[in-house]
Structure formats: structure tokens, C-alpha cells
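As provided, entry33.txt (compact mmCIF, C-alpha atoms) reads as follows.
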```txt
# COMPACT_ATOMS: atom_id res chain seq x y z
CA MET O 29 100.94 32.11 108.49
CA LYS O 30 104.25 33.40 109.82
CA ILE O 31 104.47 37.01 111.01
CA VAL O 32 107.93 38.45 111.63
CA PHE O 33 108.53 41.65 113.61
CA LEU O 34 111.89 43.03 112.49
CA ASP O 35 112.30 45.87 115.02
CA ALA O 36 109.75 45.18 117.75
CA LYS O 37 111.58 47.41 120.25
CA THR O 38 110.47 50.47 118.27
CA ILE O 39 106.90 50.02 119.49
CA GLY O 40 107.85 49.32 123.11
CA ASP O 41 107.68 46.29 125.38
CA ASP O 42 104.44 47.35 127.05
CA ILE O 43 102.04 46.77 124.15
CA ASP O 44 99.88 43.63 124.10
CA LEU O 45 100.57 41.81 120.82
CA SER O 46 98.81 38.58 121.73
CA GLY O 47 96.19 39.18 119.05
CA TYR O 48 98.80 38.50 116.39
CA GLU O 49 99.39 35.03 117.80
CA THR O 50 95.81 34.07 116.90
CA LEU O 51 96.77 34.47 113.23
CA GLY O 52 99.75 32.11 113.22
CA GLU O 53 103.39 31.88 114.23
CA VAL O 54 104.87 35.14 115.49
CA VAL O 55 108.61 35.81 115.65
CA LYS O 56 109.92 39.05 117.17
CA TYR O 57 113.37 40.57 116.76
CA ASP O 58 114.28 43.66 118.78
CA PHE O 59 116.22 45.21 115.89
CA SER O 60 117.39 44.06 112.45
CA THR O 61 119.97 45.31 109.99
CA PRO O 62 119.19 44.79 106.30
CA GLN O 63 121.70 41.92 106.31
CA GLU O 64 120.08 40.28 109.34
CA ALA O 65 116.64 40.82 107.86
CA ARG O 66 117.62 38.94 104.71
CA GLU O 67 117.91 35.71 106.69
CA ARG O 68 115.11 36.41 109.13
CA VAL O 69 112.42 36.94 106.49
CA LYS O 70 113.10 33.85 104.38
CA ASP O 71 109.90 32.04 105.31
CA ALA O 72 107.77 35.00 106.44
CA ASP O 73 104.30 35.68 105.06
CA VAL O 74 103.98 39.06 106.78
CA LEU O 75 106.58 41.58 107.94
CA VAL O 76 105.89 44.16 110.62
CA LEU O 77 108.55 46.88 110.87
CA ASN O 78 109.24 50.52 111.44
CA LYS O 79 112.66 51.64 110.19
CA VAL O 80 114.15 48.58 108.49
CA PRO O 81 114.75 49.22 104.76
CA VAL O 82 112.60 46.98 102.59
CA ASN O 83 114.24 46.33 99.24
CA GLU O 84 115.81 43.57 97.19
CA GLU O 85 118.77 43.33 99.55
CA SER O 86 116.69 42.85 102.68
CA ILE O 87 113.78 40.74 101.38
CA GLY O 88 115.20 39.17 98.24
CA LEU O 89 115.08 35.66 99.76
CA ALA O 90 111.54 36.01 101.13
CA GLU O 91 109.72 33.76 98.68
CA ASN O 92 106.51 33.53 100.74
CA LEU O 93 106.19 37.21 101.55
CA LYS O 94 102.77 38.68 100.82
CA LEU O 95 102.39 41.75 103.01
CA VAL O 96 104.63 44.40 104.60
CA CYS O 97 103.17 46.50 107.43
CA VAL O 98 104.89 49.69 108.52
CA THR O 99 104.27 50.77 112.11
CA ALA O 100 104.30 54.44 111.08
CA THR O 101 102.84 56.88 108.58
CA GLY O 102 106.03 57.47 106.61
CA THR O 103 107.06 54.83 104.07
CA ASN O 104 110.40 56.21 102.86
CA ASN O 105 112.06 52.91 103.83
CA LEU O 106 110.01 50.93 101.31
CA ASP O 107 111.22 50.25 97.76
CA LYS O 108 107.69 50.32 96.38
CA GLU O 109 108.76 49.66 92.82
CA TYR O 110 110.44 46.43 93.94
CA LEU O 111 107.42 45.45 96.05
CA ASP O 112 105.12 46.05 93.08
CA LYS O 113 107.36 43.95 90.85
CA ARG O 114 107.17 41.11 93.37
CA GLY O 115 103.41 41.51 93.89
CA ILE O 116 103.92 42.19 97.60
CA ALA O 117 101.36 44.46 99.24
CA TRP O 118 102.21 47.10 101.85
CA ARG O 119 100.30 49.04 104.46
CA ASN O 120 101.06 52.02 106.67
CA VAL O 121 99.02 53.76 109.37
CA ALA O 122 97.89 57.37 109.53
CA GLY O 123 95.98 59.27 112.18
CA TYR O 124 96.80 57.05 115.14
CA SER O 125 98.91 59.63 117.01
CA THR O 126 97.05 62.90 116.41
CA GLU O 127 96.00 63.40 120.03
CA SER O 128 99.39 62.34 121.36
CA VAL O 129 101.37 64.74 119.16
CA ALA O 130 98.98 67.61 119.80
CA GLN O 131 99.31 67.07 123.56
CA HIS O 132 103.10 66.98 123.34
CA THR O 133 103.09 70.20 121.34
CA PHE O 134 101.54 72.00 124.29
CA ALA O 135 103.83 70.24 126.76
CA LEU O 136 106.86 71.67 124.91
CA LEU O 137 105.26 75.09 124.67
CA PHE O 138 104.33 75.52 128.32
CA TYR O 139 107.70 74.21 129.51
CA LEU O 140 109.32 77.10 127.64
CA VAL O 141 106.69 79.82 127.95
CA GLU O 142 106.42 79.59 131.73
CA HIS O 143 110.17 79.10 132.33
CA LEU O 144 109.41 75.84 134.11
CA PRO O 145 113.01 74.55 134.19
CA TYR O 146 114.10 77.73 135.98
CA TYR O 147 111.31 77.64 138.55
CA ASP O 148 111.73 73.90 139.11
CA GLU O 149 115.43 74.42 139.85
CA TYR O 150 114.65 77.43 142.05
CA VAL O 151 112.48 75.33 144.34
CA LYS O 152 114.54 72.12 144.28
CA SER O 153 117.73 74.03 145.06
CA GLU O 154 115.89 75.22 148.21
CA LYS O 155 116.14 78.90 147.32
CA TYR O 156 112.40 79.11 148.04
CA VAL O 157 112.90 77.80 151.56
CA GLY O 158 112.85 80.81 153.87
CA ASP O 159 112.57 83.29 150.99
CA ARG O 160 111.18 86.65 152.04
CA MET O 161 108.26 86.75 149.60
CA PHE O 162 105.65 84.12 148.75
CA THR O 163 106.14 84.57 145.00
CA HIS O 164 109.18 84.97 142.76
CA PHE O 165 109.32 87.28 139.74
CA ASP O 166 112.76 86.67 138.28
CA ARG O 167 111.44 85.13 135.05
CA VAL O 168 108.40 86.89 133.64
CA PHE O 169 105.96 84.88 131.53
CA SER O 170 102.89 85.82 129.53
CA GLU O 171 99.53 84.26 128.84
CA ILE O 172 99.11 82.73 125.40
CA THR O 173 95.59 84.14 125.20
CA GLY O 174 95.60 86.84 122.54
CA LYS O 175 98.86 85.62 121.00
CA THR O 176 99.19 84.66 117.34
CA TRP O 177 99.96 80.98 116.70
CA GLY O 178 101.33 80.19 113.26
CA ILE O 179 101.02 76.61 112.08
CA ILE O 180 103.16 75.21 109.27
CA GLY O 181 101.38 72.15 107.90
CA MET O 182 97.63 72.03 108.44
CA GLY O 183 97.03 68.29 108.27
CA ALA O 184 95.20 66.31 110.95
CA ILE O 185 97.73 67.16 113.67
CA GLY O 186 98.01 70.81 112.66
CA ARG O 187 94.23 71.16 112.73
CA ARG O 188 94.01 69.56 116.18
CA VAL O 189 96.69 71.92 117.50
CA ALA O 190 94.78 74.83 115.96
CA GLU O 191 91.56 73.75 117.70
CA ILE O 192 93.25 73.58 121.10
CA ALA O 193 95.19 76.82 120.55
CA ARG O 194 91.94 78.59 119.78
CA LEU O 195 90.45 77.28 123.04
CA PHE O 196 93.37 78.95 124.83
CA GLY O 197 92.42 82.20 123.11
CA CYS O 198 95.08 82.25 120.42
CA LYS O 199 94.62 83.75 117.00
CA VAL O 200 95.55 80.95 114.57
CA ILE O 201 97.08 81.49 111.14
CA TYR O 202 98.66 78.87 108.90
CA TYR O 203 100.93 78.32 105.94
CA SER O 204 100.22 75.52 103.46
CA THR O 205 103.53 73.94 102.47
CA SER O 206 101.92 72.30 99.44
CA GLY O 207 99.94 75.38 98.47
CA LYS O 208 96.82 73.23 98.17
CA ASN O 209 95.50 73.02 101.72
CA ASN O 210 92.62 75.38 102.43
CA GLN O 211 91.03 75.41 105.88
CA PRO O 212 88.14 77.89 105.95
CA ASP O 213 88.13 78.08 109.76
CA TYR O 214 91.60 79.64 109.85
CA LYS O 215 93.43 82.37 107.96
CA ARG O 216 95.92 81.11 105.39
CA VAL O 217 98.95 83.36 104.94
CA GLU O 218 102.23 83.37 103.07
CA PHE O 219 105.31 81.98 104.81
CA GLU O 220 106.95 85.34 105.50
CA GLU O 221 103.75 86.78 106.95
CA LEU O 222 103.39 83.83 109.29
CA LEU O 223 106.96 84.20 110.56
CA GLU O 224 106.72 87.95 111.06
CA ASN O 225 103.39 87.91 112.91
CA SER O 226 103.47 84.76 115.02
CA ASP O 227 104.29 84.60 118.71
CA ILE O 228 104.37 80.82 118.47
CA VAL O 229 105.36 78.88 115.34
CA SER O 230 104.79 75.13 115.25
CA VAL O 231 105.69 72.74 112.44
CA HIS O 232 103.45 69.75 111.72
CA ALA O 233 104.38 69.17 108.08
CA PRO O 234 105.84 66.14 106.31
CA LEU O 235 109.33 66.20 104.84
CA THR O 236 109.10 67.09 101.16
CA PRO O 237 111.33 68.97 98.71
CA GLU O 238 109.29 72.08 99.61
CA THR O 239 109.80 71.73 103.37
CA GLU O 240 113.42 70.55 103.59
CA ASN O 241 115.45 73.29 105.33
CA LEU O 242 112.38 75.52 105.24
CA MET O 243 113.35 76.90 108.65
CA ASP O 244 116.77 78.34 107.92
CA LYS O 245 118.75 81.44 108.85
CA GLN O 246 116.55 83.71 106.78
CA ALA O 247 113.37 82.25 108.29
CA PHE O 248 114.52 82.66 111.90
CA ALA O 249 115.64 86.23 111.13
CA LYS O 250 112.04 87.10 110.18
CA MET O 251 110.59 85.83 113.48
CA LYS O 252 109.91 87.94 116.56
CA GLN O 253 112.66 87.88 119.16
CA SER O 254 110.00 86.88 121.70
CA ALA O 255 108.76 83.95 119.58
CA ILE O 256 108.75 80.28 120.52
CA PHE O 257 109.50 77.76 117.76
CA LEU O 258 108.27 74.16 117.91
CA ASN O 259 109.06 71.33 115.49
CA LEU O 260 106.93 68.20 115.65
CA GLY O 261 107.09 67.46 111.94
CA ARG O 262 110.38 66.10 110.63
CA GLY O 263 113.92 67.01 111.63
CA PRO O 264 115.32 68.06 108.23
CA ILE O 265 112.66 70.76 107.93
CA VAL O 266 114.97 72.75 110.22
CA SER O 267 118.56 73.78 109.62
CA GLU O 268 119.90 72.82 113.03
CA GLN O 269 122.98 75.04 112.76
CA ASP O 270 120.82 78.04 111.91
CA LEU O 271 118.48 77.28 114.81
CA ALA O 272 121.42 76.96 117.19
CA ASP O 273 122.73 80.32 116.01
CA ALA O 274 119.29 81.92 116.41
CA LEU O 275 119.05 80.68 119.99
CA LYS O 276 122.59 81.70 120.91
CA THR O 277 122.15 85.24 119.57
CA GLY O 278 118.65 85.72 121.00
CA GLN O 279 117.12 85.93 117.55
CA ILE O 280 114.19 83.92 118.96
CA ARG O 281 113.14 83.33 122.56
CA GLY O 282 113.22 79.52 122.59
CA ALA O 283 112.64 76.26 120.74
CA GLY O 284 111.06 72.90 121.50
CA LEU O 285 111.89 69.95 119.24
CA ASP O 286 110.75 66.36 119.15
CA VAL O 287 112.51 65.52 115.89
CA LEU O 288 116.08 65.91 114.64
CA CYS O 289 117.85 65.56 111.30
CA VAL O 290 119.65 62.43 112.53
CA GLU O 291 118.02 60.18 115.13
CA PRO O 292 119.31 59.16 117.60
CA MET O 293 121.07 62.52 118.01
CA SER O 294 124.43 62.70 116.27
CA ALA O 295 127.59 63.66 118.13
CA ASP O 296 128.13 66.68 115.85
CA ASN O 297 124.63 68.13 116.23
CA PRO O 298 125.17 71.88 116.90
CA LEU O 299 122.19 71.94 119.27
CA ARG O 300 124.21 69.88 121.75
CA GLU O 301 126.08 73.06 122.64
CA ILE O 302 122.97 74.71 124.08
CA LYS O 303 122.58 73.57 127.68
CA ASP O 304 120.12 76.24 128.78
CA SER O 305 116.80 74.40 129.21
CA ASP O 306 115.02 77.74 129.35
CA LYS O 307 115.97 78.23 125.70
CA LEU O 308 115.87 74.74 124.24
CA LEU O 309 113.97 71.56 125.00
CA ILE O 310 114.57 68.45 122.89
CA THR O 311 112.61 65.26 123.43
CA PRO O 312 113.72 62.00 121.75
CA HIS O 313 110.96 61.56 119.14
CA ILE O 314 108.34 60.62 121.73
CA ALA O 315 105.40 62.85 120.74
CA TRP O 316 103.73 60.01 118.84
CA ALA O 317 104.38 57.40 121.50
CA SER O 318 101.73 57.66 124.18
CA LEU O 319 100.51 54.28 125.42
CA GLU O 320 97.16 54.88 123.77
CA ALA O 321 98.67 55.85 120.42
CA ARG O 322 100.96 52.82 120.29
CA THR O 323 98.11 50.52 121.28
CA ARG O 324 95.91 52.07 118.62
CA LEU O 325 98.69 51.68 116.05
CA MET O 326 99.16 47.96 116.63
CA GLU O 327 95.42 47.30 116.71
CA ILE O 328 95.09 48.97 113.31
CA ILE O 329 97.91 46.87 111.87
CA LEU O 330 96.38 43.68 113.27
CA GLY O 331 93.14 44.63 111.52
CA GLN O 332 95.02 45.29 108.28
CA ILE O 333 96.54 41.80 108.34
CA GLN O 334 93.18 40.20 109.13
CA GLU O 335 91.50 42.12 106.34
CA PHE O 336 94.23 41.31 103.81
CA PHE O 337 93.99 37.56 104.36
CA ALA O 338 90.21 37.52 104.70
```
Show how you would write the structure in this file as C-alpha cells.
Amino acid sequence: MKIVFLDAKTIGDDIDLSGYETLGEVVKYDFSTPQEARERVKDADVLVLNKVPVNEESIGLAENLKLVCVTATGTNNLDKEYLDKRGIAWRNVAGYSTESVAQHTFALLFYLVEHLPYYDEYVKSEKYVGDRMFTHFDRVFSEITGKTWGIIGMGAIGRRVAEIARLFGCKVIYYSTSGKNNQPDYKRVEFEELLENSDIVSVHAPLTPETENLMDKQAFAKMKQSAIFLNLGRGPIVSEQDLADALKTGQIRGAGLDVLCVEPMSADNPLREIKDSDKLLITPHIAWASLEARTRLMEIILGQIQEFFA
């Protein structure tokens, strides 16, 4: 068996992949364009990839190909009709990063809620050295206990965030983007009610026709001026220009994002203009990528390959 990794760099260099070598020949490429992939997959039995498009152009010459494994939950890069026509199976992985994304959600929140960039700079700039008082009140913060946390997208990650938020004393409400998700432990509300009542709004939804540009100018206008907005779903759920405007005008207190419409960040992204870390924190799509989550991911895929050929 020959296993070809087309964009191995997207899972990191620190993950042990030796288990794959027990199955056969393993070839790893850091990154691959569709044109490069066309040559690289010619004699592959299994492809392991994250973002590389899989279609007739990229795998048309792969006569031995039997299985495509995506190192992610989303499969938008797969031409499933073409794979079905060729009789090529595919697998993806769900649930491997729930704890990692939930943890990162709170990391973004507390960074903003407690004005940590301001206080970090205050101490490191040595303003605290020789100050008259032992504490410093310039940026007031509040406890999240008693606050209302609105969750958009109550899947596995949304539910885990809700559990933790409740432990912090938050009142949790949620909006089902599909209209079909009912969680009896939490109050389901309409979108406008969630926006108007929430002190914290976090997005954990997939990108669908219903969620694309869901958070636009009208949505931000309905939120409290003291509210924190967090997006750990998909970038295009948010109109980035409208978010930038909402932050500049003080329509909302702050925003933490781990996903953008174009990744890596495009040169014309309007959020680049906001340099105030007390208002905006963007991390480069790392919420899913704890060491444990990436290890879990690749162990699941190894098991999928073993099971397929068993």
C-alpha cells in the first residue's frame, strides 16, 4: 500500500506518524497544488490531505486510488460525485477538537473581558514600578457570573462551551441555525432575541446558506454595546466590514476571532485596520490545533485506513 500525504504541514511537524509506516510506503509533501497533486498521486492507494481540492483535475491519473482521508471535519474540497463515479471512498473526522476549541473560546473571551493586553503593557512598560497604589483601576472589568451567553450553533462544541459557561455562572441561551436542534438543558431563542439579550455571543456553527453573512450590520446593531462577540465557527458567517465598522464605532465592546473569510488573512481585510488589542483579537485558525487534538485526529485517520483495508 502507498499512502501519500499531500499537505502534511497542515497537521504540524510534531505529530508522530510512524504508525502509518506499518501499513506500507508513506510519502509526505508539505503542500501540493492541484497540478502538483496530479503527478504525486499517480500510484497512491490512499491520500491524506486537508485543503487540497480532490476532483478529476487533481486525481484523474490516480488509477490505484481507493481511499481519501480528510484531516478535518469539513469536506467542501471533495468532488464527491466524481469520487462516487470512480468508486473511491472518503473519510473525514468529527469531534476530535471539541475540548481544544472550547478552551480557546474562553481564552479569547478572558483576554478581552479582563483587558489583559492593556494590563500586560502597563506592567511591561514599567508603569507599575514605583506606582503609588498596589492596584490599578484604569480599565474596569466585570465577572461573567450572572451574564447571558448566547450560543449560535449548538453542536458538540457549542454544547461544551455551554457546559463550561454554566459552571462560570452564566445564563446560557442558544439559536439553532438549522431550526432543528433542540437542547432541553438550555433555552432556545430566536436570533434577534439572542443578540439583544446576550452579554457574550459565540459562534460555533458550520458554514451553510443559512449562516453565511449571518452576523452583518443589522445583527451587530441589535447587540449590546457592552457585548463581546466570538467567532470560532467559519469566517464567512461574519461580514468582516460590518464587524470592523461595529468595533470602530463602539457598537459592540470587542471581538475575538479564530476564523476569517480568507485564510491566511488577505491584504484587503478591513479588520487589519483595527490595531487596538483591547477591542479585537484574531488568532490564525489555531483553536482546533492543540497537540492533543492533532494527535487524536491522526490516530482516528490511521484507524480509518486500517478498518477500510481490513
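Going from CA of Thr101 in chain O over to CA of Thr236 in chain O, you cover 14.1 Å.
The spacing separating CA of Glu240 in chain O from CA of Ser60 in chain O amounts to 28.2 Å.
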Please determine the residues with any atom at most 10 Å from (112.0, 55.8, 123.2) (coordinates as given in the file, with only C-alpha atoms counting) and report them as an mmCIF file with C-alpha atoms, in the frame of the given file.
```cif
data_model
loop_
_atom_site.group_PDB
_atom_site.id
_atom_site.type_symbol
_atom_site.label_atom_id
_atom_site.label_comp_id
_atom_site.auth_asym_id
_atom_site.auth_seq_id
_atom_site.Cartn_x
_atom_site.Cartn_y
_atom_site.Cartn_z
ATOM 1 C CA LYS O 37 111.580 47.410 120.250
ATOM 2 C CA THR O 38 110.470 50.470 118.270
ATOM 3 C CA ILE O 39 106.900 50.020 119.490
ATOM 4 C CA GLY O 40 107.850 49.320 123.110
ATOM 5 C CA PRO O 292 119.310 59.160 117.600
ATOM 6 C CA THR O 311 112.610 65.260 123.430
ATOM 7 C CA PRO O 312 113.720 62.000 121.750
ATOM 8 C CA HIS O 313 110.960 61.560 119.140
ATOM 9 C CA ILE O 314 108.340 60.620 121.730
ATOM 10 C CA ALA O 315 105.400 62.850 120.740
ATOM 11 C CA ALA O 317 104.380 57.400 121.500
#
```
Of the listed residues O:Val189, O:Ala272, O:Leu223, O:Leu45, that which approaches Lys250 in chain O most closely, counting all atoms listed in the file: O:Leu223
Looking at all atoms listed in the file, which of O:Glu327, O:Glu335, O:Glu127, O:Glu84 is the one that sits closest to Lys113 in chain O?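 The answer is O:Glu84, which sits nearest to Lys113 in chain O.
If only C-alpha atoms are the atoms counted, then among O:Asn92, O:Thr103, O:Asn83, O:Ser230 the closest residue to Ile265 in chain O is O:Ser230.
Excluding Glu91 in chain O itself and same-chain residues fewer than 3 positions from it, the residues having an atom within 12 Å of it are Arg66, Glu67, Val69, Lys70, Asp71, Ala72, Asp73, Val74, Glu84, Ile87, Gly88, Lys94, Leu95, Arg114, Gly115 and Ile116 of chain O, counting all atoms listed in the file.
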Hey, can you check how far CA of Ala65 in chain O sits from CA of Phe33 in chain O?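 We find that CA of Ala65 in chain O and CA of Phe33 in chain O lie 10.0 Å from each other.
Proximity ranking of O:Val32, O:Leu111, O:Ala117, O:Ala233 relative to Leu75 in chain O places O:Val32 first, based on all atoms listed in the file.
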What's around Leu308 in chain O at 9 Å? Count only C-alpha atoms, leave out sequence neighbours fewer than 5 positions away in its own chain, and write the answer as a ChimeraX atom specification. /O:140,275,282-285,299,302-303
Of the candidates O:Tyr139, O:His164, O:Ser125, O:Lys152, which shows the shortest atom-to-atom distance to Ile185 in chain O, using only C-alpha atoms?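 Distance minimum relative to Ile185 in chain O lands on O:Ser125.
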O:Asp227, O:Asp112, O:Asp286, O:Asp244: which is nearest Gln269 in chain O, counting all atoms listed in the file?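 So, comparing all the options, the nearest one is O:Asp244.
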Selection near Pro264 in chain O, 10 Å with only C-alpha atoms, sequence-local residues under 3 positions removed, as number ranges by chain: O: 234-236, 239-243, 261, 267-268, 287-290
Restrict the selected residues to C-alpha atoms and save them as an mmCIF file, in the coordinates of the input.
```
data_model
loop_
_atom_site.group_PDB
_atom_site.id
_atom_site.type_symbol
_atom_site.label_atom_id
_atom_site.label_comp_id
_atom_site.auth_asym_id
_atom_site.auth_seq_id
_atom_site.Cartn_x
_atom_site.Cartn_y
_atom_site.Cartn_z
ATOM 1 C CA PRO O 234 105.840 66.140 106.310
ATOM 2 C CA LEU O 235 109.330 66.200 104.840
ATOM 3 C CA THR O 236 109.100 67.090 101.160
ATOM 4 C CA THR O 239 109.800 71.730 103.370
ATOM 5 C CA GLU O 240 113.420 70.550 103.590
ATOM 6 C CA ASN O 241 115.450 73.290 105.330
ATOM 7 C CA LEU O 242 112.380 75.520 105.240
ATOM 8 C CA MET O 243 113.350 76.900 108.650
ATOM 9 C CA GLY O 261 107.090 67.460 111.940
ATOM 10 C CA SER O 267 118.560 73.780 109.620
ATOM 11 C CA GLU O 268 119.900 72.820 113.030
ATOM 12 C CA VAL O 287 112.510 65.520 115.890
ATOM 13 C CA LEU O 288 116.080 65.910 114.640
ATOM 14 C CA CYS O 289 117.850 65.560 111.300
ATOM 15 C CA VAL O 290 119.650 62.430 112.530
#
```
Pull the neighbourhood of (108.5, 87.9, 117.7) for me: all residues within 10 Å in file coordinates, counting only C-alpha atoms, as a PyMOL selection string. chain O and resi 176+223-229+248-256+279-281
Using all atoms listed in the file, which protein or nucleic acid residues come within 8 Å of Asn120 in chain O? Drop anything in the same chain fewer than 3 positions from it, and give the result as a ChimeraX atom specification. /O:97-103,329
